[in-house]
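Reviewing the structure listed below.
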Amino acid sequence: MVALLAAVGASLALGAVKIPLGEVIDILTGKDAPGPATQIVEVLRLPRTVEAILVGAALGVAGAILQGALANPLASPDVIGVTGGAGFGAMLIILLRPEDIGLLPVSALVFGLVAAAMVFSIGFSGASGGGVGRVILAGIAIASMFAAGTAALIAAYPDRVPSGIFFLVGGLTSDGWTDLEIIWPYFAVGFVLAVFLVRPLDRLMLGDDVAASLGSRPRAIRLTAAVAAAILASAAAAIAGLVAFIGLVIPHIVRLAGGTNNHTFVIPVSALGGATLLVAADTLARTVRAPIEMPVGPFMVLLGVPVFLWLLRRVV
Amino acid sequence: MVALLAAVGASLALGAVKIPLGEVIDILTGKDAPGPATQIVEVLRLPRTVEAILVGAALGVAGAILQGALANPLASPDVIGVTGGAGFGAMLIILLRPEDIGLLPVSALVFGLVAAAMVFSIGFSGASGGGVGRVILAGIAIASMFAAGTAALIAAYPDRVPSGIFFLVGGLTSDGWTDLEIIWPYFAVGFVLAVFLVRPLDRLMLGDDVAASLGSRPRAIRLTAAVAAAILASAAAAIAGLVAFIGLVIPHIVRLAGGTNNHTFVIPVSALGGATLLVAADTLARTVRAPIEMPVGPFMVLLGVPVFLWLLRRVV
Amino acid sequence: AEPAQAKSQRIVALTPFAANTMALLGVQPKAVGQTLGGDRRLLPVLSTTRVLPLSHPNGPNLEQLAQIGPKVVFSSPRWAKGSEGMRQLGIKVIQADPKNLGAVYRQTRMISRVVGRQKKGRQLVRRMRKQLRKKTANIRRRPKVMLILGVGRTPYTFLGNSWGGQLIKRSGGRLLTGGATASGGFARISDETVIAENPDVIIGVPHANTEDIPAMVEYIKNNSAWDSTNAVKNDRVYVSTDNSMLQAGTDVARVIGKIRKNYLNNR
Amino acid sequence: MTGSGRDLGSVPDLAPNGATPLLEAQGVRVTIGGTEILRHADLRLEAGELVAIVGPNGAGKSTFARAFCGLRKPTGGTVRWSGVDVSTIRGRRLARLRAFVPQRAQVPNGVTVKDAIAIGRSAHLKPLQSFSAADREAIAGATARARLDGMEDRQLNTLSGGELQRVQIAVGLAQGAPVLVADEPTAQLDLGATAAVSELLRDLVHDDYGIVLIVHDLALAAAVADRVVVMSDGRTIATGPPVEVLSKEMIGEVWNVEAELISHEGRSGLHVEWLGRT
Amino acid sequence: MTGSGRDLGSVPDLAPNGATPLLEAQGVRVTIGGTEILRHADLRLEAGELVAIVGPNGAGKSTFARAFCGLRKPTGGTVRWSGVDVSTIRGRRLARLRAFVPQRAQVPNGVTVKDAIAIGRSAHLKPLQSFSAADREAIAGATARARLDGMEDRQLNTLSGGELQRVQIAVGLAQGAPVLVADEPTAQLDLGATAAVSELLRDLVHDDYGIVLIVHDLALAAAVADRVVVMSDGRTIATGPPVEVLSKEMIGEVWNVEAELISHEGRSGLHVEWLGRT
Ligand SMILES: Nc1ncnc2c1ncn2[C@@H]1O[C@H](COP(=O)(O)OP(=O)(O)OP(=O)(O)O)[C@@H](O)[C@H]1O
Ligand SMILES: Nc1ncnc2c1ncn2[C@@H]1O[C@H](COP(=O)(O)OP(=O)(O)OP(=O)(O)O)[C@@H](O)[C@H]1O
Ligand SMILES: [Mg+2]
Ligand SMILES: [Mg+2]
């Protein structure tokens with residue numbers, strides 16, 4: 001919590017253009033007159049920081065939910081096809097219709113959700129439908145399909161690929177509130193679902209039979225969890241591209257640090273951790289070689305992996 | 001087996017330039033005089049078909065071994081860092097030192113192996129070393145690191161990325177025997193290890209305790225399996241770039257089709273299946289829009305995913 | 001767009017085409033863009049202009065841009081992702097990165113309108129057309145050319161509808177596969193076709209440094225699939241490391257002249 | 001060990017009245033993958049009654065239990081809880097009716113004994129509601145009854161077989177339903193723990209709980225059960241007081257073993273011809 | 001059921017001679033994560049002898065078995081198989097000395113009963129070697145002895161608890177080692193199957209196998225074992241013939257239960273005061 005606040009403060013205060021912290025506070029409290037500094041803070045830094053918080057939290061939660069629902073440490077939004085679908089949706093716009101770039105978030109969101117829906121329709125049908133094995137296999141099939149589509153697009157438009165790279169490696173951009181204005185309901189729905197999933201996922205840990213005995217329906221929980229994760233991850237991809245690291249690693253870090261798999265702990269702390277990591281890494285990415293913006297991935301790794309390895313060495 | 005032979009026949013007979021099958025046979029048996037047709041078959045098609053067989057088989061086997069050793073259906077060469085390492089090694093050459101492009105296969109191979117070695121040194125140390133959980137977490141950490149490195153390289157040289165596309169989406173090239181001359185010993189070692197791993201992996205299925213009771217050492221098996229998979233996958237990446245589909249999906253197809261997880265069945269059939277799929281998909285990629293060559297990934301998906309989904313619908 | 005007083009206007013040109021066109025029209029942009037490690041193809045008059053480093057996806061750093069506070073930014077589809085942010089800062093974004101010769105003329109006129117030098121713009125276009133006519137006259141030979149993008153065993157071939165492909169055609173070269181087109185302008189051509197069609201000239205555009213040219217030429221020559229081609233046999237393998245084949249500039253005629261002289265032996 | 005009994009549970013939504021039994025299953029059938037595993041099974045359970053289900057391996061005991069607990073949809077027959085068809089009861093309402101302790105435990109990583117028992121209680125909470133003092137008391141009660149005090153912070157995956165089984169029972173107890181269905185809860189327990197569980201079950205019965213116990217140990221069944229149901233080959237073939245049902249003949253017929261329940265000083269023991277010296 | 005006995009196994013590399021016992025463990029200690037779980041455990045096993053290890057949950061029985069079978073390195077004490085230190089024996093040689101049937105089974109997907117038993121036999125093969133006729137016979141023998149005929153093609157994950165446990169035993173039998181260590185192999189078995197396993201074990205003993213049986217059922221231990229070892233709190237506290245060791249006092253002290261082994265018509269039964277009416 002403190003770490004998040006510190007990261008947010010740094011994110012607002014630092015950037016390619018130096019603005020003293022006092023002035024930043026004045027601007028945020030509306031005391032400062034309009035001017036480039038006000039514009040920089042209000043139009044560029046503030047929305048970007050908010051996006052970083054939302055995206056980081058969404059990915060942390062999506063990863064935690066999925067790893068819980070599928071009882072698999074390798075589960076991440078990849079597994080239910082979201083990453084593949086969102087990547088395809090984004091490449092479709094970036095490579096095929098760069099003139100409609102404004103549709104990028106929508107396309108990424110829609111294809112992420114479509115891919116997830118395909119995974120669910122296969123994974124939750126049939127006799128063993130809703131079983132972990134079937135969902136995972138369906139995810140593999142659909143993710144491969146969309147990955148192949150993306151590969152085909154990339155191979156067809158090699159000269160435009162540099163423009164697509166930022167989406168594939170993931171990262172935030174400074175473009176005001178426009179994206180958030182479209183996407184925020186998805187974050188809202190996803191986070192609300194996540195809150196209601198905490199207890200059912202805990203029950204699922206004790207096995208499907210025990211969960212059923214406790215009045216939960218394992219298939220329904222798994223489906224809801226997958227849907228919530230799909231919504232959160234698609235919304236995150238729409239805004240920040242494919243930031244794989246958070247969804248996969250943050251829940252593990254949280255589990256190792258907390259020494260517990262309890263979702264009452266893991267889900268909220270993953271949200272906090274994801275938000276902190278993304279805000280901090282994005283601040284570094286914007287400032288380390290300012291005015292050049294670096295991709296956020298390496299900085300997340302720089303901050304996250306040492307902690308992860310240290311925990312791994314100590315706890316396990 | 002029949003399918004593989006058919007695919008190999010088609011691969012040798014078909015291409016951008018039409019050469020009658022009779023003439024192909026004459027060329028292969030050394031009856032034909034030198035000329036463009038002879039050059040096309042001997043320098044382009046034959047080595048490429050051999051490469052496809054080796055790479056396909058290697059990836060199928062690597063996937064089968066890893067999924068067995070880690071008892072995780074999501075395991076693939078990604079998980080032990082090979083994909084991340086090889087990708088980084090390739091991008092290092094393509095983006096940073098394009099003048100030394102001849103070193104690409106070696107760099108991909110070396111970094112694939114280095115990444116795997118790092119995963120093993122973390123995953124197999126400590127009290128719970130060699131446990132599935134620890135190996136998977138170590139793999140996640142190291143793979144993220146190399147992915148971040150690749151992202152950093154790409155961000156630093158965005159204009160050079162188009163050269164890297166074919167490595168990243170994966171695919172074979174027609175360039176004679178040069179690569180194979182360097183890489184074949186790795187395939188050889190990997191396949192030999194795989195043969196010796198069949199029985200130990202079977203034992204591991206019954207649990208670590210039973211395997212130990214049967215005289216195997218679970219940690220040693222897991223390490224050997226991971227090493228073999230790393231060697232095979234690195235060698236495959238050196239030749240054909242990152243072809244993710246085979247390693248992940250072929251073992252599942254084989255298991256679903258055979259209705260058994262027995263490695264005596266799964267490992268050799270995965271080799272056959274991987275080889276068949278890659279040879280067939282590559283033939284399609286070369287011929288469908290000849291003289292333009294398409295990336296191989298979409299064709300593998302086109303051939304593989306329908307079978308996969310059909311099996312999933314029937315068997316599970 | 002309203003014609004405006006150029007000197008008093010705040011304009012940033014992200015593409016070399018836009019920057020050079022402005023310079024040729026006698027207008028100084030407030031700042032020009034420069035890609036990371038990219039080749040600067042700016043006219044000498046622009047050497048003192050402030051440089052904004054461009055990085056994906058936004059292009060310029062928007063905080064810096066906000067500080068400069070331009071009214072108009074000449075951008076490129078490559079930096080499309082940044083357009084929205086610029087608009088939010090109250091900046092007008094205009095694409096100025098032509099993909100074919102017709103667009104070069106059109107966009108030159110468009111820029112001249114925006115900066116309020118329409119007459120000079122018309123003169124400039126006339127001059128460009130005349131130079132091009134001169135440089136494309138007297139084509140005697142029509143060698144078969146393979147123009148390849150990137151390094152490694154799997155390069156892309158420029159097709160007829162790519163910028164580089166158009167330059168080769170204007171220079172008198174015949175592209176492999178009769179200049180077939182595809183939506184992206186690039187494709188991998190089967191090595192079998194290369195052997196069968198037997199190009200006379202191979203030109204590589206590898207995204208590499210100038211000092212690496214000999215190494216790149218050596219590498220291309222060593223490709224076993226290509227060593228039976230006339231180009232390799234006659235030692236006509238070239239490498240171009242600037243991006244004149246990739247991105248339109250104001251100096252089309254000069255580039256075509258260079259291609260004819262250095263690569264196609266067509267003068 | 002005294003029975004804090006009803007404190008553990010809350011009043012069920014469907015209060016039993018005198019006429020309808022807590023649980024009534026009739027002619028339940030289950031087919032899996034084309035083969036009929038359960039052919040015809042009946043069960044009736046009143047409050048304050050302990051019914052033991054016994055029968056050979058593969059007789060369908062677990063399948064029957066899963067079916068009447070609403071964990072698997074039967075292909076035929078009816079299951080009524082306090083007169084209400086089980087297929088119409090859902091979620092927390094079902095969870096407050098019965099607790100089910102399955103035969104095979106799943107042993108997750110990173111879960112402590114305390115966590116697991118709290119999860120068992122969570123069926124009582126509305127979403128977002130947190131534990132009340134009564135809930136915490138129920139959790140503590142379940143922990144104490146399963147003799148897990150002092151083990152609360154142990155990770156499940158480091159427990160011995162018997163310790164784990166006591167945790168499973170505690171999870172079911174924390175649920176606080178008026179019916180407890182336990183599928184071989186003592187298979188891994190030592191003699192002392194088994195005796196403790198027996199006492200615990202009788203205590204619960206005394207406090208008007210209804211209990212279904214699936215068990216292989218016939219001596220135990222005879223000692224604790226009010227009624228014994230014998231299953232064989234997918235059918236319930238006999239039901240009645242232990243001494244009547246578990247006759248030498250029945251045992252010989254169903255289990256194919258020479259064995260007899262013999263009473264000595266008020267304690268009955270099963271004397272088995274283990275080594276078939278007949 | 002007749003004992004095809006030695007046919008199952010091959011001659012072990014380390015043939016026992018008259019003087020050294022098959023297995024001798026002395027003062028074995030095991031520490032896990034800082035706590036001493038096994039404090040001092042002794043065991044001696046001769047060919048043709050069945051030793052039962054009994055003791056409460058958490059006494060360290062499984063830990064001891066894993067230690068003397070070479071599955072876990074002890075922190076102290078010595079374990080010798082036919083006089084050879086266990087830490088110097090590796091791989092197939094160890095596999096031919098003893099088979100170990102663990103307490104908790106792992107149930108993989110996509111493995112049939114036949115496959116599992118064949119895997120048990122595979123410890124006999126050199127790499128790349130395939131099954132000989134003798135191997136196939138051993139597999140068939142193990143299947144028959146565990147009464148699994150007709151179930152060969154069933155998937156493990158569809159078996160009932162008891163069926164699964166019989167498969168585990170068959171896997172151990174197929175291994176064909178002269179010593180079989182089984183950790184509660186009958187916990188999930190019905191009376192008939194338990195009797196069958198008892199007979200099987202006695203048959204093996206008759207054929208000069210050495211057997212270590214970890215078991216909670218004291219009546220069963222008393223009936224089949226030549227010698228009983230009692231463990232409590234990480235120590236082996238008594239060893240000797242069942243009737244001597246499993247006295248009323250010992251049971252009361254170790255298990256904290258009022259119970260007595262009573263013989264009736266040559267069959268002994270355990271009469272337990274289940275409900276603590278003392
Ligand atoms: N998914 C399944 N597919 C096929 N057969 C099954 C499946 N599940 C259970 N069975 C079979 O149904 C029968 C009854 O199983 P069940 O688990 O109910 O037996 P049980 O009486 O509980 O036995 P045990 O005492 O060994 O636990 C067994 O023969 C079992 O093999
Ligand atoms: N990894 C571990 N970490 C901490 N404690 C452990 C671990 N493994 C076992 N123990 C403890 O060691 C003690 C002995 O365990 P063990 O499994 O040997 O008991 P057991 O006699 O076989 O019991 P049971 O009859 O219940 O199977 C138990 O208290 C158990 O909780
Ligand atoms: Mg059962
Ligand atoms: Mg034990």
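Identifiers for the structure tokens are assigned positionally: chains receive A, B, ... in sequence, residues are indexed from 1 per chain, and ligands are indexed from 1 in the order shown.
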
Working over all C-alpha atoms in order, superimpose chain B onto chain A by least squares and state the RMSD in Å.
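Result of the CA superposition: 0.3 Å.
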
Near-ligand residues for ligand 2, threshold 9 Å, only C-alpha atoms and all ligand atoms, as a VMD selection string
(chain D and resid 151 154 to 165 188 to 190) or (chain E and resid 31 to 38 54 to 66 103 183 to 184 214 to 216 231 to 234)

I need the residues of stretch 17-217 of chain B that end up classed as alpha helix (DSSP H) by DSSP on the backbone, written out as a PyMOL selection string.
chain B and resi 21-28+36-39+46-70+82-91+104-123+132-156+161-169+178-205+208-213

Can you tell me which residues surround C:Pro70 at a distance of at most 9 Å, considering only C-alpha atoms, apart from same-chain residues fewer than 5 positions away, and format the answer as a ChimeraX atom specification?
/C:9-12,30,65,90-92

Name the closest residue to chain B among the candidates A:Ala290, A:Ile65, A:Val132, A:Leu104; distances are taken between atoms, counting only C-alpha atoms.
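Closest residue, counting only C-alpha atoms: A:Val132.
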